[in-house]
$ cat model_12.cif   # mmCIF, C-alpha atoms
data_final
#
loop_
_atom_site.label_atom_id
_atom_site.label_comp_id
_atom_site.auth_asym_id
_atom_site.auth_seq_id
_atom_site.Cartn_x
_atom_site.Cartn_y
_atom_site.Cartn_z
CA MET A 16 61.63 152.51 56.42
CA GLU A 17 62.78 149.01 57.16
CA ILE A 18 66.31 147.96 56.27
CA GLU A 19 67.06 144.25 56.27
CA ILE A 20 70.72 143.30 56.41
CA TYR A 21 71.59 139.86 55.10
CA ALA A 22 74.99 139.10 56.57
CA ASP A 23 77.21 136.52 58.22
CA VAL A 24 79.10 137.26 61.43
CA ILE A 25 82.35 135.87 60.02
CA CYS A 26 82.20 138.01 56.87
CA PRO A 27 84.62 140.96 57.01
CA TRP A 28 82.76 142.89 54.32
CA CYS A 29 79.56 142.49 56.35
CA TYR A 30 81.33 143.99 59.37
CA ILE A 31 82.54 146.90 57.22
CA GLY A 32 79.07 147.24 55.66
CA LYS A 33 77.41 147.39 59.07
CA ARG A 34 79.84 150.05 60.27
CA ARG A 35 79.16 152.15 57.15
CA LEU A 36 75.41 151.75 57.48
CA ASP A 37 75.62 152.79 61.16
CA GLU A 38 77.52 155.88 60.03
CA ALA A 39 75.02 156.64 57.26
CA LEU A 40 72.08 156.26 59.66
CA ALA A 41 73.73 158.58 62.18
CA SER A 42 73.32 161.45 59.71
CA TYR A 43 70.04 160.31 58.14
CA GLU A 44 66.91 162.19 59.17
CA GLY A 45 64.29 159.53 58.41
CA GLU A 46 62.84 156.85 60.65
CA VAL A 47 64.56 153.52 60.13
CA THR A 48 64.15 150.03 61.55
CA VAL A 49 67.08 147.69 61.01
CA ARG A 50 66.55 143.93 60.93
CA TYR A 51 69.36 141.42 60.86
CA ARG A 52 68.78 138.48 58.53
CA PRO A 53 70.97 135.37 58.60
CA PHE A 54 73.19 134.22 55.77
CA GLN A 55 75.89 131.56 55.88
CA LEU A 56 78.98 131.96 53.72
CA ASP A 57 79.62 128.28 54.28
CA PRO A 58 76.95 126.09 55.87
CA SER A 59 79.17 123.00 56.06
CA PRO A 60 79.93 121.68 59.54
CA VAL A 61 83.22 122.63 61.20
CA PRO A 62 84.39 119.65 63.28
CA GLU A 63 86.95 121.77 65.13
CA PRO A 64 88.07 125.38 64.92
CA ARG A 65 91.22 125.99 62.93
CA PRO A 66 92.97 129.19 61.84
CA LEU A 67 90.86 131.12 59.37
CA VAL A 68 93.89 132.00 57.21
CA GLU A 69 94.55 128.28 56.71
CA ALA A 70 90.97 127.71 55.61
CA LEU A 71 91.13 130.68 53.23
CA ALA A 72 94.35 129.35 51.71
CA ALA A 73 92.66 126.01 51.06
CA LYS A 74 89.62 127.70 49.57
CA PHE A 75 91.24 130.35 47.41
CA GLY A 76 94.28 128.58 46.04
CA GLY A 77 97.20 128.99 48.37
CA LYS A 78 98.67 130.99 51.21
CA GLU A 79 99.85 133.90 49.11
CA ARG A 80 96.44 134.57 47.57
CA ALA A 81 94.80 134.26 50.99
CA GLN A 82 97.32 136.68 52.48
CA GLN A 83 96.65 139.24 49.72
CA MET A 84 92.92 139.07 50.39
CA VAL A 85 93.41 139.37 54.14
CA THR A 86 95.78 142.33 53.77
CA HIS A 87 93.37 144.11 51.43
CA VAL A 88 90.27 143.71 53.59
CA THR A 89 92.24 144.55 56.76
CA GLN A 90 93.35 147.85 55.18
CA VAL A 91 89.83 148.71 54.02
CA ALA A 92 88.46 147.94 57.49
CA ALA A 93 91.14 150.10 59.13
CA GLY A 94 89.92 153.01 57.01
CA ASP A 95 86.54 152.55 58.67
CA GLY A 96 88.04 152.38 62.14
CA LEU A 97 87.77 148.59 62.44
CA ARG A 98 90.55 146.25 63.47
CA LEU A 99 90.61 142.77 61.94
CA ASP A 100 93.01 140.33 63.56
CA TYR A 101 93.31 137.46 61.11
CA GLY A 102 96.17 136.04 63.11
CA ARG A 103 93.65 135.04 65.80
CA ALA A 104 90.44 134.39 63.84
CA VAL A 105 89.22 130.81 63.65
CA ILE A 106 86.84 129.19 61.19
CA ALA A 107 83.34 128.45 62.49
CA ASN A 108 79.90 127.34 61.42
CA THR A 109 77.65 130.31 62.26
CA PHE A 110 74.23 128.66 62.50
CA ASP A 111 74.07 128.94 66.30
CA ALA A 112 75.46 132.48 66.16
CA HIS A 113 72.48 133.44 63.98
CA ARG A 114 70.15 131.78 66.49
CA LEU A 115 71.78 133.84 69.23
CA VAL A 116 71.12 137.06 67.27
CA SER A 117 67.46 136.03 67.10
CA TYR A 118 67.51 135.41 70.87
CA ALA A 119 69.09 138.83 71.47
CA ASN A 120 66.45 140.40 69.23
CA ASP A 121 63.76 139.19 71.67
CA HIS A 122 65.52 141.31 74.29
CA GLY A 123 65.86 144.31 71.98
CA ARG A 124 69.62 143.78 71.70
CA ALA A 125 70.16 142.39 68.18
CA ALA A 126 72.41 145.24 66.98
CA GLU A 127 74.67 144.96 70.03
CA MET A 128 74.83 141.19 69.65
CA VAL A 129 75.82 141.37 65.99
CA GLU A 130 78.54 143.91 66.81
CA ALA A 131 79.78 141.75 69.72
CA LEU A 132 79.94 138.67 67.45
CA TYR A 133 82.00 140.50 64.83
CA GLN A 134 84.39 141.66 67.55
CA ALA A 135 84.58 138.19 69.07
CA HIS A 136 85.41 136.62 65.70
CA PHE A 137 87.69 139.28 64.22
CA ASN A 138 89.46 140.68 67.29
CA GLN A 139 89.34 138.16 70.09
CA GLY A 140 89.88 134.83 68.30
CA VAL A 141 86.63 133.48 69.78
CA ASP A 142 85.17 130.34 68.22
CA VAL A 143 81.71 131.68 67.32
CA GLY A 144 80.65 128.13 66.50
CA SER A 145 80.94 127.11 70.16
CA ARG A 146 77.79 127.38 72.25
CA GLU A 147 79.77 127.98 75.39
CA ALA A 148 81.68 130.82 73.73
CA LEU A 149 78.45 132.28 72.33
CA ALA A 150 76.82 132.26 75.77
CA THR A 151 79.85 134.16 77.08
CA VAL A 152 79.48 136.75 74.30
CA ALA A 153 75.79 137.12 75.28
CA GLY A 154 76.85 137.69 78.90
CA GLY A 155 79.33 140.29 77.68
CA ILE A 156 76.54 142.54 76.38
CA GLY A 157 74.52 142.18 79.57
CA LEU A 158 72.24 139.27 78.69
CA ASP A 159 71.94 136.27 80.98
CA ALA A 160 74.72 133.89 79.84
CA ALA A 161 73.15 130.85 81.50
CA ASP A 162 69.81 131.53 79.86
CA ALA A 163 71.51 132.06 76.49
CA ARG A 164 73.28 128.74 76.92
CA ARG A 165 70.01 127.00 77.78
CA PHE A 166 68.47 128.53 74.65
CA LEU A 167 71.37 127.39 72.43
CA ASP A 168 71.27 123.86 73.85
CA SER A 169 67.55 123.61 73.09
CA ASP A 170 66.17 123.42 69.56
CA GLU A 171 64.49 126.82 69.82
CA ARG A 172 64.66 128.86 66.61
CA VAL A 173 66.46 126.08 64.72
CA ASP A 174 63.59 125.86 62.23
CA ASP A 175 63.17 129.64 62.10
CA VAL A 176 66.80 130.28 61.24
CA ALA A 177 66.83 127.44 58.70
CA ALA A 178 63.73 128.95 57.08
CA GLU A 179 65.31 132.41 56.97
CA LEU A 180 68.49 131.02 55.40
CA ALA A 181 66.35 129.28 52.79
CA ALA A 182 64.42 132.52 52.19
CA ALA A 183 67.69 134.36 51.48
CA ARG A 184 68.59 131.72 48.88
CA ASP A 185 65.11 131.99 47.36
CA LEU A 186 65.56 135.75 47.07
CA GLY A 187 68.70 135.02 45.06
CA ILE A 188 71.09 136.49 47.61
CA THR A 189 74.48 134.95 46.92
CA SER A 190 76.88 137.51 48.33
CA VAL A 191 76.75 139.52 51.51
CA PRO A 192 76.25 142.06 52.84
CA THR A 193 73.01 142.68 51.00
CA PHE A 194 70.80 145.49 52.25
CA VAL A 195 67.11 145.29 51.35
CA LEU A 196 65.39 148.66 51.71
CA ALA A 197 61.62 148.90 52.23
CA GLY A 198 61.24 145.23 51.36
CA LYS A 199 62.07 145.61 47.68
CA TYR A 200 65.23 147.53 46.82
CA ALA A 201 68.46 145.60 47.17
CA VAL A 202 71.88 147.16 47.59
CA SER A 203 74.69 144.66 47.72
CA GLY A 204 78.24 144.94 48.98
CA ALA A 205 79.90 147.13 51.60
CA GLN A 206 78.97 150.40 49.92
CA GLU A 207 80.44 153.77 50.85
CA VAL A 208 78.48 155.86 53.36
CA GLN A 209 77.50 158.41 50.68
CA THR A 210 76.19 155.65 48.41
CA LEU A 211 74.05 154.28 51.23
CA LEU A 212 72.69 157.73 52.04
CA ALA A 213 71.83 158.29 48.37
CA ALA A 214 70.04 154.92 48.25
CA LEU A 215 68.07 155.77 51.41
CA ALA A 216 67.02 159.13 49.99
CA GLU A 217 65.99 157.61 46.67
CA VAL A 218 63.95 154.82 48.25
CA GLU A 219 62.28 157.30 50.58
CA GLN A 220 61.34 159.44 47.59
CA ARG A 221 59.98 156.48 45.63
CA GLU A 222 58.03 155.19 48.61
CA SER A 223 56.42 158.53 49.40
CA ALA A 224 55.56 159.00 45.70
CA ALA A 225 53.95 155.55 45.66
CA HIS A 226 51.95 156.32 48.80
CA SER A 227 50.75 159.71 47.59
CA HIS A 228 49.15 158.38 44.41
#

$ encode --input "model_12.cif" --output "structure tokens"
Amino acid sequence: MEIEIYADVICPWCYIGKRRLDEALASYEGEVTVRYRPFQLDPSPVPEPRPLVEALAAKFGGKERAQQMVTHVTQVAAGDGLRLDYGRAVIANTFDAHRLVSYANDHGRAAEMVEALYQAHFNQGVDVGSREALATVAGGIGLDAADARRFLDSDERVDDVAAELAAARDLGITSVPTFVLAGKYAVSGAQEVQTLLAALAEVEQRESAAHSH
């Protein structure tokens, strides 16, 4: 079964959702292929990185509201063994980060790259909108940083990623994470591990029923 994950590397719920899916798959018997699909929470350009909390305050009506949201998601993440350091996180446009995931996928390393980008953004205060920083993240998982930088500075995959982002909009995906199972069943939000396992089992059942007729 193929699972497509529509997500953005600066989305905390996507990070939590990925961790829960990883956990669900660890105890799932079936054969699964995971594909990472790009989504941008905010496609507008970011002229320079600034603290994420500041940007959230501007977007969601004040510091207090932003702080409540941050505290809530940080606590949820902690329950899943993830540390989110909002004190260090900076706002970024993630278009190039999605290109880098596509580059890593060519080397069979997409899952590691996605994980490394979440850690860079949420734990290390890395500007994941910076090509130099992205090349360093690529080097950190054992890819050739110089080659990654050359790739990012070229226009390779620009059209591909733009097309995939448009495809997500055409599918009506407005919030992430969204998991699409077997190309047609969508599960949205960072669901609990048990919920994901139940969805996998149900889709597997439906698919095998469809194939046996």

$ resolve_selection --input "model_12.cif" --expression "the PyMOL selection byres ((chain A and resi 108) around 7)" --output "PyMOL selection string"
chain A and resi 58-61+107+109-110+144

$ residues_around --input "model_12.cif" --residues "region 125-136 of chain A" --least-positions-apart "2" --cutoff "6 Å" --atoms "all atoms listed in the file" --output "NGL selection string"
:A and (24 or 104 or 116 or 119-120 or 138-141)

$ closest_residue --input "model_12.cif" --among "A:Ala205, A:Leu115, A:Leu71, A:Leu99" --to "Asp159 (chain A)" --atoms "only C-alpha atoms"
A:Leu115

$ resolve_selection --input "model_12.cif" --expression "the PyMOL selection byres ((chain A and resi 163-178) around 7)" --output "list in words"
Asp111, Arg114, Arg146, Glu147, Ala150, Ala153, Asp159, Ala160, Ala161, Asp162, Glu179, Leu180, Ala181 and Ala182 of chain A

$ atom_distance --input "model_12.cif" --atom1 "CA of Glu217 (chain A)" --atom2 "CA of Glu19 (chain A)"
16.5 Å

$ atom_distance --input "model_12.cif" --atom1 "CA of Ile188 (chain A)" --atom2 "CA of Ala213 (chain A)"
21.8 Å

$ residues_around --input "model_12.cif" --residues "region 81-95 of chain A" --least-positions-apart "4" --cutoff "9 Å" --atoms "all atoms listed in the file" --output "PyMOL selection string"
chain A and resi 27-28+30-31+34-35+68-77+99-101

$ atom_distance --input "model_12.cif" --atom1 "CA of Tyr118 (chain A)" --atom2 "CA of Gly155 (chain A)"
14.5 Å

$ resolve_selection --input "model_12.cif" --expression "the PyMOL selection byres ((chain A and resi 183-187) around 12)" --output "PyMOL selection string"
chain A and resi 19-23+51-56+176-182+188-195+198-201+203

$ residues_near_point --input "model_12.cif" --point "(78.3, 134.5, 69.6)" --cutoff "6 Å" --atoms "all atoms listed in the file" --output "PyMOL selection string"
chain A and resi 112+132+143+149+152

$ closest_residue --input "model_12.cif" --among "A:Thr48, A:Gly102, A:Gly204, A:Ala216" --to "Gly32 (chain A)" --atoms "only C-alpha atoms"
A:Gly204

$ closest_residue --input "model_12.cif" --among "A:Leu215, A:Ser223, A:Glu38, A:Ile156" --to "Val202 (chain A)" --atoms "all atoms listed in the file"
A:Leu215

$ closest_residue --input "model_12.cif" --among "A:Asp142, A:Arg103, A:Arg65, A:Ala197" --to "Glu46 (chain A)" --atoms "all atoms listed in the file"
A:Ala197

$ residues_around --input "model_12.cif" --residues "Tyr43 (chain A)" --least-positions-apart "2" --cutoff "12 Å" --atoms "all atoms listed in the file" --output "list in words"
Met16, Leu36, Asp37, Glu38, Ala39, Leu40, Ala41, Gly45, Glu46, Val47, Val208, Gln209, Leu211, Leu212, Ala213, Ala214, Leu215, Ala216 and Glu219 of chain A

$ decode --input "model_12.cif" --residues "region 155-189 of chain A" --atoms "N, CA, C and O atoms" --output "mmCIF file, in the first residue's frame"
data_model
loop_
_atom_site.group_PDB
_atom_site.id
_atom_site.type_symbol
_atom_site.label_atom_id
_atom_site.label_comp_id
_atom_site.auth_asym_id
_atom_site.auth_seq_id
_atom_site.Cartn_x
_atom_site.Cartn_y
_atom_site.Cartn_z
ATOM 1 N N GLY A 155 24.497 16.695 6.749
ATOM 2 C CA GLY A 155 24.310 16.080 8.069
ATOM 3 C C GLY A 155 23.726 14.673 8.017
ATOM 4 O O GLY A 155 23.929 13.880 8.937
ATOM 5 N N ILE A 156 23.004 14.348 6.930
ATOM 6 C CA ILE A 156 22.477 12.974 6.844
ATOM 7 C C ILE A 156 23.320 12.121 5.879
ATOM 8 O O ILE A 156 22.917 11.043 5.479
ATOM 9 N N GLY A 157 24.497 12.664 5.518
ATOM 10 C CA GLY A 157 25.417 11.854 4.721
ATOM 11 C C GLY A 157 25.337 12.066 3.217
ATOM 12 O O GLY A 157 25.971 11.342 2.453
ATOM 13 N N LEU A 158 24.549 13.060 2.785
ATOM 14 C CA LEU A 158 24.553 13.391 1.354
ATOM 15 C C LEU A 158 25.675 14.390 1.092
ATOM 16 O O LEU A 158 26.225 14.973 2.017
ATOM 17 N N ASP A 159 25.997 14.590 -0.163
ATOM 18 C CA ASP A 159 27.070 15.509 -0.523
ATOM 19 C C ASP A 159 26.554 16.948 -0.451
ATOM 20 O O ASP A 159 25.734 17.364 -1.278
ATOM 21 N N ALA A 160 27.019 17.707 0.543
ATOM 22 C CA ALA A 160 26.506 19.064 0.775
ATOM 23 C C ALA A 160 26.753 19.974 -0.426
ATOM 24 O O ALA A 160 25.886 20.770 -0.804
ATOM 25 N N ALA A 161 27.918 19.844 -1.045
ATOM 26 C CA ALA A 161 28.246 20.699 -2.190
ATOM 27 C C ALA A 161 27.330 20.390 -3.371
ATOM 28 O O ALA A 161 26.856 21.289 -4.071
ATOM 29 N N ASP A 162 27.038 19.110 -3.556
ATOM 30 C CA ASP A 162 26.156 18.725 -4.651
ATOM 31 C C ASP A 162 24.723 19.193 -4.368
ATOM 32 O O ASP A 162 24.021 19.663 -5.267
ATOM 33 N N ALA A 163 24.322 19.105 -3.108
ATOM 34 C CA ALA A 163 22.984 19.573 -2.718
ATOM 35 C C ALA A 163 22.875 21.078 -2.964
ATOM 36 O O ALA A 163 21.857 21.570 -3.450
ATOM 37 N N ARG A 164 23.939 21.792 -2.652
ATOM 38 C CA ARG A 164 23.937 23.238 -2.852
ATOM 39 C C ARG A 164 23.854 23.575 -4.354
ATOM 40 O O ARG A 164 23.111 24.467 -4.760
ATOM 41 N N ARG A 165 24.604 22.825 -5.152
ATOM 42 C CA ARG A 165 24.559 23.031 -6.600
ATOM 43 C C ARG A 165 23.133 22.798 -7.114
ATOM 44 O O ARG A 165 22.595 23.570 -7.903
ATOM 45 N N PHE A 166 22.505 21.740 -6.617
ATOM 46 C CA PHE A 166 21.130 21.417 -6.997
ATOM 47 C C PHE A 166 20.175 22.562 -6.621
ATOM 48 O O PHE A 166 19.364 23.005 -7.430
ATOM 49 N N LEU A 167 20.305 23.055 -5.389
ATOM 50 C CA LEU A 167 19.402 24.114 -4.918
ATOM 51 C C LEU A 167 19.594 25.418 -5.692
ATOM 52 O O LEU A 167 18.642 26.161 -5.916
ATOM 53 N N ASP A 168 20.840 25.684 -6.087
ATOM 54 C CA ASP A 168 21.128 26.917 -6.833
ATOM 55 C C ASP A 168 20.701 26.824 -8.306
ATOM 56 O O ASP A 168 20.649 27.830 -9.002
ATOM 57 N N SER A 169 20.425 25.602 -8.755
ATOM 58 C CA SER A 169 19.955 25.437 -10.137
ATOM 59 C C SER A 169 18.432 25.603 -10.131
ATOM 60 O O SER A 169 17.843 25.893 -9.091
ATOM 61 N N ASP A 170 17.778 25.391 -11.277
ATOM 62 C CA ASP A 170 16.319 25.438 -11.221
ATOM 63 C C ASP A 170 15.721 24.033 -11.338
ATOM 64 O O ASP A 170 14.561 23.867 -11.686
ATOM 65 N N GLU A 171 16.539 23.035 -10.988
ATOM 66 C CA GLU A 171 16.045 21.653 -11.011
ATOM 67 C C GLU A 171 14.890 21.493 -10.027
ATOM 68 O O GLU A 171 14.947 21.995 -8.913
ATOM 69 N N ARG A 172 13.864 20.775 -10.495
ATOM 70 C CA ARG A 172 12.697 20.435 -9.671
ATOM 71 C C ARG A 172 11.827 21.626 -9.272
ATOM 72 O O ARG A 172 10.884 21.447 -8.515
ATOM 73 N N VAL A 173 12.150 22.822 -9.723
ATOM 74 C CA VAL A 173 11.310 23.977 -9.377
ATOM 75 C C VAL A 173 9.902 23.753 -9.934
ATOM 76 O O VAL A 173 8.896 23.879 -9.222
ATOM 77 N N ASP A 174 9.835 23.357 -11.203
ATOM 78 C CA ASP A 174 8.529 23.130 -11.832
ATOM 79 C C ASP A 174 7.817 21.930 -11.222
ATOM 80 O O ASP A 174 6.608 21.949 -11.036
ATOM 81 N N ASP A 175 8.590 20.893 -10.899
ATOM 82 C CA ASP A 175 7.990 19.685 -10.316
ATOM 83 C C ASP A 175 7.322 19.994 -8.980
ATOM 84 O O ASP A 175 6.190 19.575 -8.724
ATOM 85 N N VAL A 176 8.052 20.701 -8.127
ATOM 86 C CA VAL A 176 7.512 21.007 -6.801
ATOM 87 C C VAL A 176 6.310 21.945 -6.925
ATOM 88 O O VAL A 176 5.291 21.760 -6.246
ATOM 89 N N ALA A 177 6.411 22.926 -7.814
ATOM 90 C CA ALA A 177 5.278 23.837 -8.033
ATOM 91 C C ALA A 177 4.048 23.055 -8.498
ATOM 92 O O ALA A 177 2.924 23.306 -8.039
ATOM 93 N N ALA A 178 4.277 22.086 -9.374
ATOM 94 C CA ALA A 178 3.166 21.264 -9.883
ATOM 95 C C ALA A 178 2.563 20.413 -8.768
ATOM 96 O O ALA A 178 1.340 20.255 -8.679
ATOM 97 N N GLU A 179 3.418 19.876 -7.898
ATOM 98 C CA GLU A 179 2.911 19.057 -6.793
ATOM 99 C C GLU A 179 2.131 19.905 -5.782
ATOM 100 O O GLU A 179 1.125 19.453 -5.230
ATOM 101 N N LEU A 180 2.604 21.117 -5.543
ATOM 102 C CA LEU A 180 1.880 22.018 -4.630
ATOM 103 C C LEU A 180 0.507 22.351 -5.212
ATOM 104 O O LEU A 180 -0.500 22.387 -4.493
ATOM 105 N N ALA A 181 0.482 22.570 -6.525
ATOM 106 C CA ALA A 181 -0.795 22.857 -7.192
ATOM 107 C C ALA A 181 -1.718 21.639 -7.138
ATOM 108 O O ALA A 181 -2.930 21.771 -6.927
ATOM 109 N N ALA A 182 -1.139 20.449 -7.283
ATOM 110 C CA ALA A 182 -1.929 19.214 -7.231
ATOM 111 C C ALA A 182 -2.583 19.048 -5.864
ATOM 112 O O ALA A 182 -3.740 18.623 -5.754
ATOM 113 N N ALA A 183 -1.846 19.401 -4.802
ATOM 114 C CA ALA A 183 -2.407 19.309 -3.446
ATOM 115 C C ALA A 183 -3.614 20.238 -3.310
ATOM 116 O O ALA A 183 -4.643 19.866 -2.744
ATOM 117 N N ARG A 184 -3.479 21.456 -3.862
ATOM 118 C CA ARG A 184 -4.615 22.395 -3.824
ATOM 119 C C ARG A 184 -5.793 21.846 -4.610
ATOM 120 O O ARG A 184 -6.936 21.913 -4.169
ATOM 121 N N ASP A 185 -5.499 21.252 -5.781
ATOM 122 C CA ASP A 185 -6.569 20.692 -6.616
ATOM 123 C C ASP A 185 -7.284 19.535 -5.917
ATOM 124 O O ASP A 185 -8.466 19.309 -6.144
ATOM 125 N N LEU A 186 -6.552 18.806 -5.094
ATOM 126 C CA LEU A 186 -7.162 17.702 -4.347
ATOM 127 C C LEU A 186 -8.018 18.234 -3.192
ATOM 128 O O LEU A 186 -8.702 17.473 -2.519
ATOM 129 N N GLY A 187 -7.912 19.549 -2.952
ATOM 130 C CA GLY A 187 -8.693 20.143 -1.873
ATOM 131 C C GLY A 187 -8.037 20.018 -0.514
ATOM 132 O O GLY A 187 -8.692 20.147 0.525
ATOM 133 N N ILE A 188 -6.727 19.765 -0.507
ATOM 134 C CA ILE A 188 -6.026 19.665 0.780
ATOM 135 C C ILE A 188 -5.750 21.077 1.293
ATOM 136 O O ILE A 188 -5.081 21.863 0.636
ATOM 137 N N THR A 189 -6.321 21.381 2.451
ATOM 138 C CA THR A 189 -6.154 22.729 2.996
ATOM 139 C C THR A 189 -5.450 22.708 4.341
ATOM 140 O O THR A 189 -4.960 23.727 4.810
#
